[in-house]
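Enquirer: Let me begin by handing over the structure; questions about it come next.
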2 protein chains.
Amino acid sequence: VLCIILKAATFGPVPRIVWEQEEIPLTRFNVEGVFNYSSLLLSENEDILYVGAREVIFAVKSTNIAEKTREAYWKVTDEKSEGCARKGKSKQTECFNFIRVLQPLSEDTLYVCGTYAFQPTCDHLDLNSFQLLGKHEDGKGRCPFDPAHSYTSVMVDGELYSATSNNFLGSEPIIFRHSQQSQLRTEYAVPWLNEPNFVFADVIRAPQNNPDGDDDKIYFFFTEVSVEFDFLSKLLIPRVARVCKGDQGGQRTLQKKWTSFLKAKLICHSPENNFFFNVINDVFILKSPDLKEPVIYGVFTSHLNNVGLSAVCTYNVSAVENVFATGKYMQSATVEQSHTKWVRYNGEVPKPRPGACINNEVRALNYTGSLNLPDKTLQFVKDHPLIEDSVYPIGQKPKLMIRNVAFTQIVVDRVTALDGVTYDVMFLSTDQGKLHKAVNHDSEMRIIEEIVLFPNMEPVQTLVLTTKQRKRYIYAGSSTGVVQSPVAFCDQFTSCVECIMTRDPYCAWNSLQSSCVNIVDEKSSGRPLIQALNGDISRCPDSVAQGTEKTMVYTLKPGSMVELNCIHKSELASLVWTFNNKELSDNNPRYRLLHKGILLFNVSEVDTGTYQCLFQENVMGNMISWLIISYIVELERIPPPLLSTTRW
Amino acid sequence: VLCIILKAATFGPVPRIVWEQEEIPLTRFNVEGVFNYSSLLLSENEDILYVGAREVIFAVKSTNIAEKTREAYWKVTDEKSEGCARKGKSKQTECFNFIRVLQPLSEDTLYVCGTYAFQPTCDHLDLNSFQLLGKHEDGKGRCPFDPAHSYTSVMVDGELYSATSNNFLGSEPIIFRHSQQSQLRTEYAVPWLNEPNFVFADVIRAPQNNPDGDDDKIYFFFTEVSVEFDFLSKLLIPRVARVCKGDQGGQRTLQKKWTSFLKAKLICHSPENNFFFNVINDVFILKSPDLKEPVIYGVFTSHLNNVGLSAVCTYNVSAVENVFATGKYMQSATVEQSHTKWVRYNGEVPKPRPGACINNEVRALNYTGSLNLPDKTLQFVKDHPLIEDSVYPIGQKPKLMIRNVAFTQIVVDRVTALDGVTYDVMFLSTDQGKLHKAVNHDSEMRIIEEIVLFPNMEPVQTLVLTTKQRKRYIYAGSSTGVVQSPVAFCDQFTSCVECIMTRDPYCAWNSLQSSCVNIVDEKSSGRPLIQALNGDISRCPDSVAQGTEKTMVYTLKPGSMVELNCIHKSELASLVWTFNNKELSDNNPRYRLLHKGILLFNVSEVDTGTYQCLFQENVMGNMISWLIISYIVELERIPPPLLSTTRW
């Protein structure tokens, strides 16, 4: 059994610190009787977090989500609920209005859609009155019928791009654009979408004034049943698909359908140990002016031999673009009259390239928009939406792999440490209500901390990050509520050594105030801040070399027993006890080493002296030691036996 | 971290008892300077175990393998060794004669083959003189060139059936029959064998006087690269192949090749959690007169997301026969000029059925042997050796799944317990030098014990079982030696309760002798043996109800400390302490509960009384408790303080 424990523990990084919820200041929001806080929308200008839950939309303060400012209930009528129940759905759990779309439409309007008792409906929410305008639009294609079905959406220039299921049964998947001018959708056919599970959508803008006159692109991420692979059972495969913003559909072929829908597989594979991560759970696209290009962060699990492996793979947007721009198409072929197999298409490809956005090159061929693309190109892309080439991750392997954890959501923050290096900090939520904070430092992936967000181990369903330069927070939604967590817990560390050893790019030691502070929160210029992400504790004024200030004196009766505590937070550190500067070994009848202390039995003269508790932690191959606490153990002076009877 | 431990521990059964090597009587055989004890052959008539190692064959007593009776060295000449080194192989590790085939040829001759410095060579070993006859036959096809390459063989009626690689590079796989009359081999082509890793071969005899006049069949088990499945990387698949003993090859087509070579995939899949075991490591075919038909036991691991999962799947021989007799063939087809895909063949199948053995039905069509089978049938089987239908395991799922263990070898013993029920006991060796003994009892799979065979965690390479009705042993070979282990360790249990609670079908309590005995070793008739595989300890004369005999009295000085031990072997039991018949809870400053005992601090009058250590173990849903040991703790009578000084 011991070997099982060791093996499990040595796979992937272990969170260095685990914060139980009572240890740290988390802010919570939930309203009694309201469930399924599944849609979060942050308005950074107004410092408001909009929360879409079951049958209600809330506005809460983003700096303190416990403060609710507005609410708008949007319940299904009894009649609708009855009708839903008659169709065999549960009145207790399903026939409600689950808010699934919550997108900014204009400065003072939100676009909201809900499942509305299996009749998806959309409306406008006026932010001044915080009232729904009662538009009662048909929400088909924008919002699923069934709260259990997958959905994702993104608002781009006032047009809603959504991916979900388009019918009551959930059997018809769709990627849809809702706009006044031109509604477009996917073809309902296996080659386009094959039992997809949509997880994320976002827009990638073309560079401004780009010489090739390229279009903005909307990316969709999902897992679907593979057509190109065969195995003993259905093989799932993670995909990225994209459409062009300027797409207007075709004139005859692909009328009101995407002419620019292409998809490819995302590879998240560890060649070393042959781990395949073939289920994508969430995506975050990191965009920053100081990045050469946006970076796609995906969290993956596996449905093959899944014993709780999770991974993060990252992709350059240019790698995806490249696959769509130059990759080979796949085509289906009938083999021996009865079997359909998908193979690479080696024939001639029509021009303009099927599925390509309208750019200057296409315009030069006299095609000004998708409506006047040639039928040949359109027919080809209709039959060949799948690209054979794969999108490979940066570094050709996962950035992070971990065992016995199922990651559900991801957000990524960028923080520039005091050494001027910018770190991408990943916040990864789990299906057990936890949040992992991971950072890559000198090509070593570390999990700085694990935060217990939800006490009941419920899955985290949504994760949102403030990107403002002031106080930064993570917001997490689950079925029972929303939690607000700071991005770092620097002030939990009361000594410089602890502050340095957390090796958190957010945290630095303020030696004037003697406190561990978040460098993002602090106006840090000119302050005497100490940060050493390599764990160089010698930079601390109170480092081991100079001795610790924590010393306790115990005066004991002979023969008595005492437990000396040595409390620590690091799961990576090991504890060493010294007695009068000599290390104490494990086996001794006079004492017993405990997980967080030492027990002295039957104390006598030989046991008196100084006990010191040291920590040892391996930092990038170096063993770093520091003193946590010193105890001085002395004996009560014993009076001669004759006197003792009189004293007692 | 705790949750990691729990999850890992709750997957699959945990061995109830772990025997370290110093605890149990294992017999070892190894000779200094000799390595790679990879071939074991048991002669039950002579009580001899033949051991093929690197450059030597030994004969040892099977009842005590430490007793070597004969040895025959078979070293490569210096010249051969030099030549091998010149071809780029290592003189230190590879250019030796690794014995790979050790098969009985006649009563006083063994057929032996070795790699012979990458020039496989066979010879006859005369058992009277224990000398090689110096035949120096070319061993190609019978023995690999490279000691790292896979091999298996079986001797059937004086003919050697072998599966290995047929060339220096190891790139040409072969299944071969070596005989005076008719040497046969596989076609060297991907559809026949595609990078196989051979693990086992055995003969399945046709029933005597069977009405359909069927032939004996030789089965081969291996893992190979799948042609029928597509994935991101090469997909391995476990296979069973078979040939007929009467095969003589074809006249024109398939001349000197198997006309009866067919193969199919073996499924070892857990539908519940989608675990695929696609690598087969070893097979044992359980044959017994009281079995309706032989049962194939396979041990599997996975090469997809392999985090140390192992499984045992079992197959009825009739299920395999049925797939070969009635399954659809697969055929390769070219798709779009360049891709080869394998699909089910739906066309007409020639008669007699391609690949079938010559039985009465075929003979009735006037085909008396493979030599006069029609060309059409032969050409078809040459192109279609792969059957599309799969061989499914008994119960449609693995018999045993376990995590963090890689099983390497398996043997299965049958033992009839005192209740008359016959149990199939699986002995599974691991890549870490251990042996697991597992038994299925009332559809609950239990691992009775784990035995540490080799101290250095070296992989177990060969496993052999005596099937004689007297003392039964397991023999295990590794690169450093051979270990002999009894099939059970009943005599390690000194009380009836322990003997019953091991729930080992081999073990029963002899209440006259007051000892736990192996019922197979004992002439058990008439003896008062107690066995209760359901853990009914009430049948014991010394059961909990009647109190235990182990009681210890501790007389202590006031204020002193004492550790009361409670030693147990069961990893499944938990320990409960009572004090004066009241259960002791976990948290108390007066004592500390330890893993195998209790620590009393600062003993005073209130601590005196009876401490009892009970075991609790869940047996098929019932919590069974029994008393291990009682301690009576008393205080020394304290003389008045004045006297005490004079006494010391």
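Lettering and numbering for the structure tokens are positional, with chains as A, B, ... in the shown order, residues counted from 1 in each chain, and ligands counted from 1 in the shown order.
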What's the 12 Å shell around Val199 (chain B), counting only C-alpha atoms, without same-chain residues fewer than 2 positions away, as a VMD selection string?

Expert: chain B and resid 149 to 154 162 to 164 196 to 197 201 to 202 219 to 224 238 to 241 279 to 284 298 to 300 408 to 410 461 to 462

Enquirer: Please build the interface table for chain B against chain A with a cut-off of 7 Å, listing for each qualifying residue the nearest atom pair and the distance in Å to one decimal; count only C-alpha atoms, order rows by chain and increasing number, and write it as a Markdown table.

Expert:
| residue | atom | partner | partner_atom | distance |
| --- | --- | --- | --- | --- |
| B:Ile4 | CA | A:Asn404 | CA | 6.1 |
| B:Ile5 | CA | A:Ile5 | CA | 5.5 |
| B:Ala8 | CA | A:Ile4 | CA | 6.7 |
| B:Phe229 | CA | A:Asp230 | CA | 4.8 |
| B:Asp230 | CA | A:Phe229 | CA | 4.8 |
| B:Phe231 | CA | A:Phe229 | CA | 5.3 |
| B:Asn274 | CA | A:Asn305 | CA | 6.0 |
| B:Phe275 | CA | A:Asn305 | CA | 4.2 |
| B:Phe276 | CA | A:Asn305 | CA | 6.1 |
| B:His303 | CA | A:Asn274 | CA | 7.0 |
| B:Leu304 | CA | A:Asn274 | CA | 6.0 |
| B:Asn305 | CA | A:Phe275 | CA | 4.2 |
| B:Ala333 | CA | A:Val335 | CA | 6.8 |
| B:Val335 | CA | A:Val335 | CA | 6.7 |
| B:Asn404 | CA | A:Ile4 | CA | 6.2 |
| B:Gly559 | CA | A:Gly559 | CA | 6.7 |
| B:Ser560 | CA | A:Asn602 | CA | 6.9 |
| B:Asn602 | CA | A:Ser560 | CA | 6.8 |

Enquirer: Let's see if you can do this: from backbone DSSP, list all strand (DSSP E) residues in region 323-500 of chain A, as a VMD selection string.

Expert: chain A and resid 330 to 335 339 to 344 386 to 391 400 to 403 407 to 416 422 to 430 434 to 441 444 to 452 462 to 465 473 to 477 482 to 486

Enquirer: Can you list every residue in region 144-337 of chain A that DSSP puts in helix (DSSP H, G or I), as a ChimeraX atom specification?

Expert: /A:317-326

Enquirer: With distances taken over only C-alpha atoms, which residue among A:Arg539, A:His436, A:Arg242, A:Lys596 lies nearest Ile567 (chain A)?

Expert: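 For Ile567 (chain A), the nearest of the given residues is A:Lys596.
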
Enquirer: Would you pick out the contacts of Ala206 (chain B) at 12 Å or less, using only C-alpha atoms, so that residues sharing its chain but fewer than 6 positions from it are not included, and give the list as a PyMOL selection string?

Expert: chain B and resi 212-218+244-246+293-294+317-318+321+357+359

Enquirer: Grab the residues selected above and save them as a compact mmCIF listing (two decimals), in the first residue's frame with all heavy atoms.

Expert:
# COMPACT_ATOMS: atom_id res chain seq x y z
N ASP B 212 -16.93 -35.17 -35.01
CA ASP B 212 -16.63 -34.40 -36.22
C ASP B 212 -15.19 -34.59 -36.68
O ASP B 212 -14.75 -33.94 -37.62
CB ASP B 212 -16.96 -32.90 -36.02
CG ASP B 212 -16.36 -32.35 -34.76
OD1 ASP B 212 -15.68 -33.12 -34.05
OD2 ASP B 212 -16.56 -31.15 -34.50
N GLY B 213 -14.47 -35.51 -36.03
CA GLY B 213 -13.13 -35.85 -36.50
C GLY B 213 -12.19 -34.66 -36.55
O GLY B 213 -11.40 -34.51 -37.47
N ASP B 214 -12.28 -33.80 -35.56
CA ASP B 214 -11.51 -32.56 -35.57
C ASP B 214 -10.06 -32.83 -35.21
O ASP B 214 -9.70 -33.88 -34.66
CB ASP B 214 -12.13 -31.56 -34.59
CG ASP B 214 -11.84 -30.13 -35.01
OD1 ASP B 214 -11.17 -29.93 -36.06
OD2 ASP B 214 -12.27 -29.22 -34.30
N ASP B 215 -9.23 -31.87 -35.51
CA ASP B 215 -7.79 -31.97 -35.33
C ASP B 215 -7.39 -31.32 -33.99
O ASP B 215 -8.12 -30.51 -33.44
CB ASP B 215 -7.12 -31.22 -36.49
CG ASP B 215 -5.67 -31.64 -36.68
OD1 ASP B 215 -5.17 -32.46 -35.90
OD2 ASP B 215 -5.05 -31.09 -37.62
N ASP B 216 -6.22 -31.67 -33.48
CA ASP B 216 -5.63 -30.92 -32.38
C ASP B 216 -5.20 -29.56 -32.91
O ASP B 216 -4.84 -29.42 -34.09
CB ASP B 216 -4.40 -31.66 -31.83
CG ASP B 216 -4.77 -32.99 -31.20
OD1 ASP B 216 -5.98 -33.19 -30.92
OD2 ASP B 216 -3.87 -33.81 -30.97
N LYS B 217 -5.22 -28.57 -32.01
CA LYS B 217 -4.89 -27.22 -32.47
C LYS B 217 -3.83 -26.59 -31.58
O LYS B 217 -3.82 -26.82 -30.38
CB LYS B 217 -6.15 -26.35 -32.45
CG LYS B 217 -7.15 -26.80 -33.51
CD LYS B 217 -8.51 -26.21 -33.31
CE LYS B 217 -9.48 -26.80 -34.32
NZ LYS B 217 -10.56 -27.54 -33.69
N ILE B 218 -2.96 -25.83 -32.19
CA ILE B 218 -1.94 -25.13 -31.42
C ILE B 218 -2.28 -23.65 -31.44
O ILE B 218 -2.48 -23.05 -32.49
CB ILE B 218 -0.52 -25.39 -31.98
CG1 ILE B 218 -0.16 -26.87 -31.78
CG2 ILE B 218 0.51 -24.54 -31.25
CD1 ILE B 218 -0.58 -27.76 -32.90
N CYS B 244 -3.53 -25.87 -37.18
CA CYS B 244 -3.96 -27.24 -36.94
C CYS B 244 -2.74 -28.16 -36.98
O CYS B 244 -1.82 -27.97 -37.79
CB CYS B 244 -4.95 -27.69 -38.01
SG CYS B 244 -6.31 -26.51 -38.21
N LYS B 245 -2.78 -29.17 -36.11
CA LYS B 245 -1.63 -30.07 -36.01
C LYS B 245 -1.41 -30.84 -37.31
O LYS B 245 -0.28 -31.09 -37.72
CB LYS B 245 -1.82 -31.05 -34.85
CG LYS B 245 -0.52 -31.68 -34.38
CD LYS B 245 -0.75 -32.69 -33.27
CE LYS B 245 -1.31 -33.99 -33.82
NZ LYS B 245 -1.49 -35.01 -32.76
N GLY B 246 -2.53 -31.18 -37.97
CA GLY B 246 -2.42 -31.98 -39.19
C GLY B 246 -2.05 -31.19 -40.43
O GLY B 246 -1.93 -31.76 -41.52
N GLU B 293 -14.48 -27.54 -20.39
CA GLU B 293 -13.54 -27.24 -21.47
C GLU B 293 -12.39 -26.43 -20.88
O GLU B 293 -12.53 -25.84 -19.81
CB GLU B 293 -14.25 -26.43 -22.58
CG GLU B 293 -14.87 -25.14 -22.07
CD GLU B 293 -15.33 -24.25 -23.22
OE1 GLU B 293 -14.55 -24.08 -24.16
OE2 GLU B 293 -16.45 -23.73 -23.16
N PRO B 294 -11.25 -26.40 -21.56
CA PRO B 294 -10.13 -25.61 -21.04
C PRO B 294 -10.50 -24.12 -20.98
O PRO B 294 -11.30 -23.63 -21.77
CB PRO B 294 -9.02 -25.85 -22.06
CG PRO B 294 -9.40 -27.09 -22.77
CD PRO B 294 -10.89 -27.12 -22.79
N VAL B 317 -12.28 -21.79 -24.38
CA VAL B 317 -11.67 -22.25 -25.63
C VAL B 317 -12.74 -22.32 -26.72
O VAL B 317 -12.49 -22.01 -27.88
CB VAL B 317 -10.95 -23.59 -25.42
CG1 VAL B 317 -10.70 -24.29 -26.75
CG2 VAL B 317 -9.62 -23.36 -24.71
N SER B 318 -13.96 -22.70 -26.34
CA SER B 318 -15.03 -22.80 -27.34
C SER B 318 -15.35 -21.43 -27.95
O SER B 318 -15.75 -21.34 -29.11
CB SER B 318 -16.29 -23.40 -26.72
OG SER B 318 -16.74 -22.59 -25.65
N GLU B 321 -12.70 -20.99 -30.56
CA GLU B 321 -13.01 -21.92 -31.65
C GLU B 321 -14.14 -21.38 -32.51
O GLU B 321 -14.11 -21.45 -33.74
CB GLU B 321 -13.46 -23.27 -31.06
CG GLU B 321 -12.33 -24.07 -30.48
CD GLU B 321 -11.42 -24.61 -31.56
OE1 GLU B 321 -11.91 -25.29 -32.47
OE2 GLU B 321 -10.21 -24.31 -31.52
N CYS B 357 -9.52 -26.53 -39.96
CA CYS B 357 -8.78 -27.79 -39.89
C CYS B 357 -9.52 -28.82 -40.76
O CYS B 357 -10.70 -28.67 -41.06
CB CYS B 357 -8.72 -28.32 -38.45
SG CYS B 357 -7.81 -27.25 -37.31
N ASN B 359 -11.53 -31.74 -40.99
CA ASN B 359 -12.38 -32.59 -40.13
C ASN B 359 -13.27 -33.44 -41.04
O ASN B 359 -13.13 -33.41 -42.27
CB ASN B 359 -13.19 -31.73 -39.15
CG ASN B 359 -14.10 -30.74 -39.88
OD1 ASN B 359 -14.32 -30.86 -41.09
ND2 ASN B 359 -14.60 -29.78 -39.14

Enquirer: Select from region 527-602 of chain A every residue with an atom at most 6 Å from any atom of region 505-514 of chain A, then for each give the shortest pair of atoms and their distance in Å to one decimal, using only C-alpha atoms, rows by chain and rising number, as a tab-separated table.

Expert:
residue	atom	partner	partner_atom	distance
A:Pro528	CA	A:Asn510	CA	5.9
A:Leu529	CA	A:Asn510	CA	4.7
A:Ile530	CA	A:Trp509	CA	4.9
A:Gln531	CA	A:Ala508	CA	4.7

Enquirer: Name the residues in contact with Asp375 (chain B) at a cut-off of 8 Å, using only C-alpha atoms, excluding same-chain residues fewer than 4 positions from it; report them as a list of chain:residue names.

Expert: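 Selected residues are B:Arg252, B:Thr253, B:Gln379.
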
Enquirer: Determine, counting only C-alpha atoms, which protein, DNA and RNA residues have an atom within 8 Å of an atom of Arg472 (chain B); residues of the same chain fewer than 2 positions away are not included. Present the result as a ChimeraX atom specification.

Expert: /B:465-470,474,486-487,520-521

Enquirer: Using the selection just defined, write its residues with N, CA and C atoms as a PDB file, in the first residue's frame.

Expert:
ATOM      1  N   LEU B 465       4.153 -24.029 -12.248  1.00  0.00           N
ATOM      2  CA  LEU B 465       3.411 -24.574 -11.112  1.00  0.00           C
ATOM      3  C   LEU B 465       3.505 -26.094 -11.166  1.00  0.00           C
ATOM      4  N   THR B 466       3.746 -26.737 -10.016  1.00  0.00           N
ATOM      5  CA  THR B 466       3.621 -28.196  -9.988  1.00  0.00           C
ATOM      6  C   THR B 466       2.147 -28.518  -9.921  1.00  0.00           C
ATOM      7  N   THR B 467       1.753 -29.588 -10.594  1.00  0.00           N
ATOM      8  CA  THR B 467       0.337 -29.924 -10.556  1.00  0.00           C
ATOM      9  C   THR B 467       0.126 -31.242  -9.829  1.00  0.00           C
ATOM     10  N   LYS B 468       1.186 -31.758  -9.280  1.00  0.00           N
ATOM     11  CA  LYS B 468       1.064 -33.005  -8.528  1.00  0.00           C
ATOM     12  C   LYS B 468       0.196 -32.794  -7.312  1.00  0.00           C
ATOM     13  N   GLN B 469      -0.391 -33.873  -6.847  1.00  0.00           N
ATOM     14  CA  GLN B 469      -1.313 -33.736  -5.722  1.00  0.00           C
ATOM     15  C   GLN B 469      -0.601 -33.657  -4.376  1.00  0.00           C
ATOM     16  N   ARG B 470       0.702 -33.919  -4.351  1.00  0.00           N
ATOM     17  CA  ARG B 470       1.419 -33.797  -3.078  1.00  0.00           C
ATOM     18  C   ARG B 470       1.735 -32.318  -2.829  1.00  0.00           C
ATOM     19  N   ILE B 474       5.231 -23.178  -6.518  1.00  0.00           N
ATOM     20  CA  ILE B 474       5.372 -22.249  -7.633  1.00  0.00           C
ATOM     21  C   ILE B 474       6.864 -22.047  -7.825  1.00  0.00           C
ATOM     22  N   PRO B 486       5.943 -22.319  -1.677  1.00  0.00           N
ATOM     23  CA  PRO B 486       4.737 -23.140  -1.533  1.00  0.00           C
ATOM     24  C   PRO B 486       3.517 -22.354  -2.008  1.00  0.00           C
ATOM     25  N   VAL B 487       2.455 -23.059  -2.354  1.00  0.00           N
ATOM     26  CA  VAL B 487       1.253 -22.374  -2.847  1.00  0.00           C
ATOM     27  C   VAL B 487       0.492 -21.691  -1.711  1.00  0.00           C
ATOM     28  N   VAL B 520      -4.100 -29.687   0.982  1.00  0.00           N
ATOM     29  CA  VAL B 520      -3.575 -30.475  -0.131  1.00  0.00           C
ATOM     30  C   VAL B 520      -2.420 -31.340   0.344  1.00  0.00           C
ATOM     31  N   ASP B 521      -1.593 -30.786   1.210  1.00  0.00           N
ATOM     32  CA  ASP B 521      -0.451 -31.537   1.737  1.00  0.00           C
ATOM     33  C   ASP B 521      -0.911 -32.647   2.675  1.00  0.00           C
TER      34      ASP B 521
END

Enquirer: Using only C-alpha atoms, find the one residue out of B:Asn372, B:Thr578, B:Ser570, B:Ser260 that sits nearest to Gly609 (chain B).

Expert: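 Residue with the minimum atom-to-atom distance to Gly609 (chain B): B:Thr578.
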
Enquirer: May I have the residues within 9 Å of Lys399 (chain B) as a list of chain:residue names, using only C-alpha atoms and disregarding those fewer than 2 positions away in the same chain?

Expert: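 Near neighbours after the sequence-gap exclusion: B:Ala311, B:Val312, B:Cys313, B:Thr314, B:Pro393, B:Ile394, B:Gly395, B:Lys397, B:Met401, B:Asn440, B:Met445.
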
Enquirer: Export C-alpha atoms of the chosen residues as a tab-separated table (two decimals), in the first residue's frame?

Expert:
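Full text of part-v2.tsv as output:
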chain	number	residue	atom	x	y	z
B	311	ALA	CA	-6.15	-7.05	-15.59
B	312	VAL	CA	-6.90	-10.74	-15.89
B	313	CYS	CA	-9.42	-11.80	-18.52
B	314	THR	CA	-10.54	-15.39	-19.04
B	393	PRO	CA	-14.00	-12.71	-22.11
B	394	ILE	CA	-16.11	-14.82	-19.79
B	395	GLY	CA	-18.52	-12.45	-18.08
B	397	LYS	CA	-15.30	-8.04	-18.41
B	401	MET	CA	-8.37	-5.31	-12.32
B	440	ASN	CA	-12.72	-15.68	-6.71
B	445	MET	CA	-12.22	-11.35	-6.22
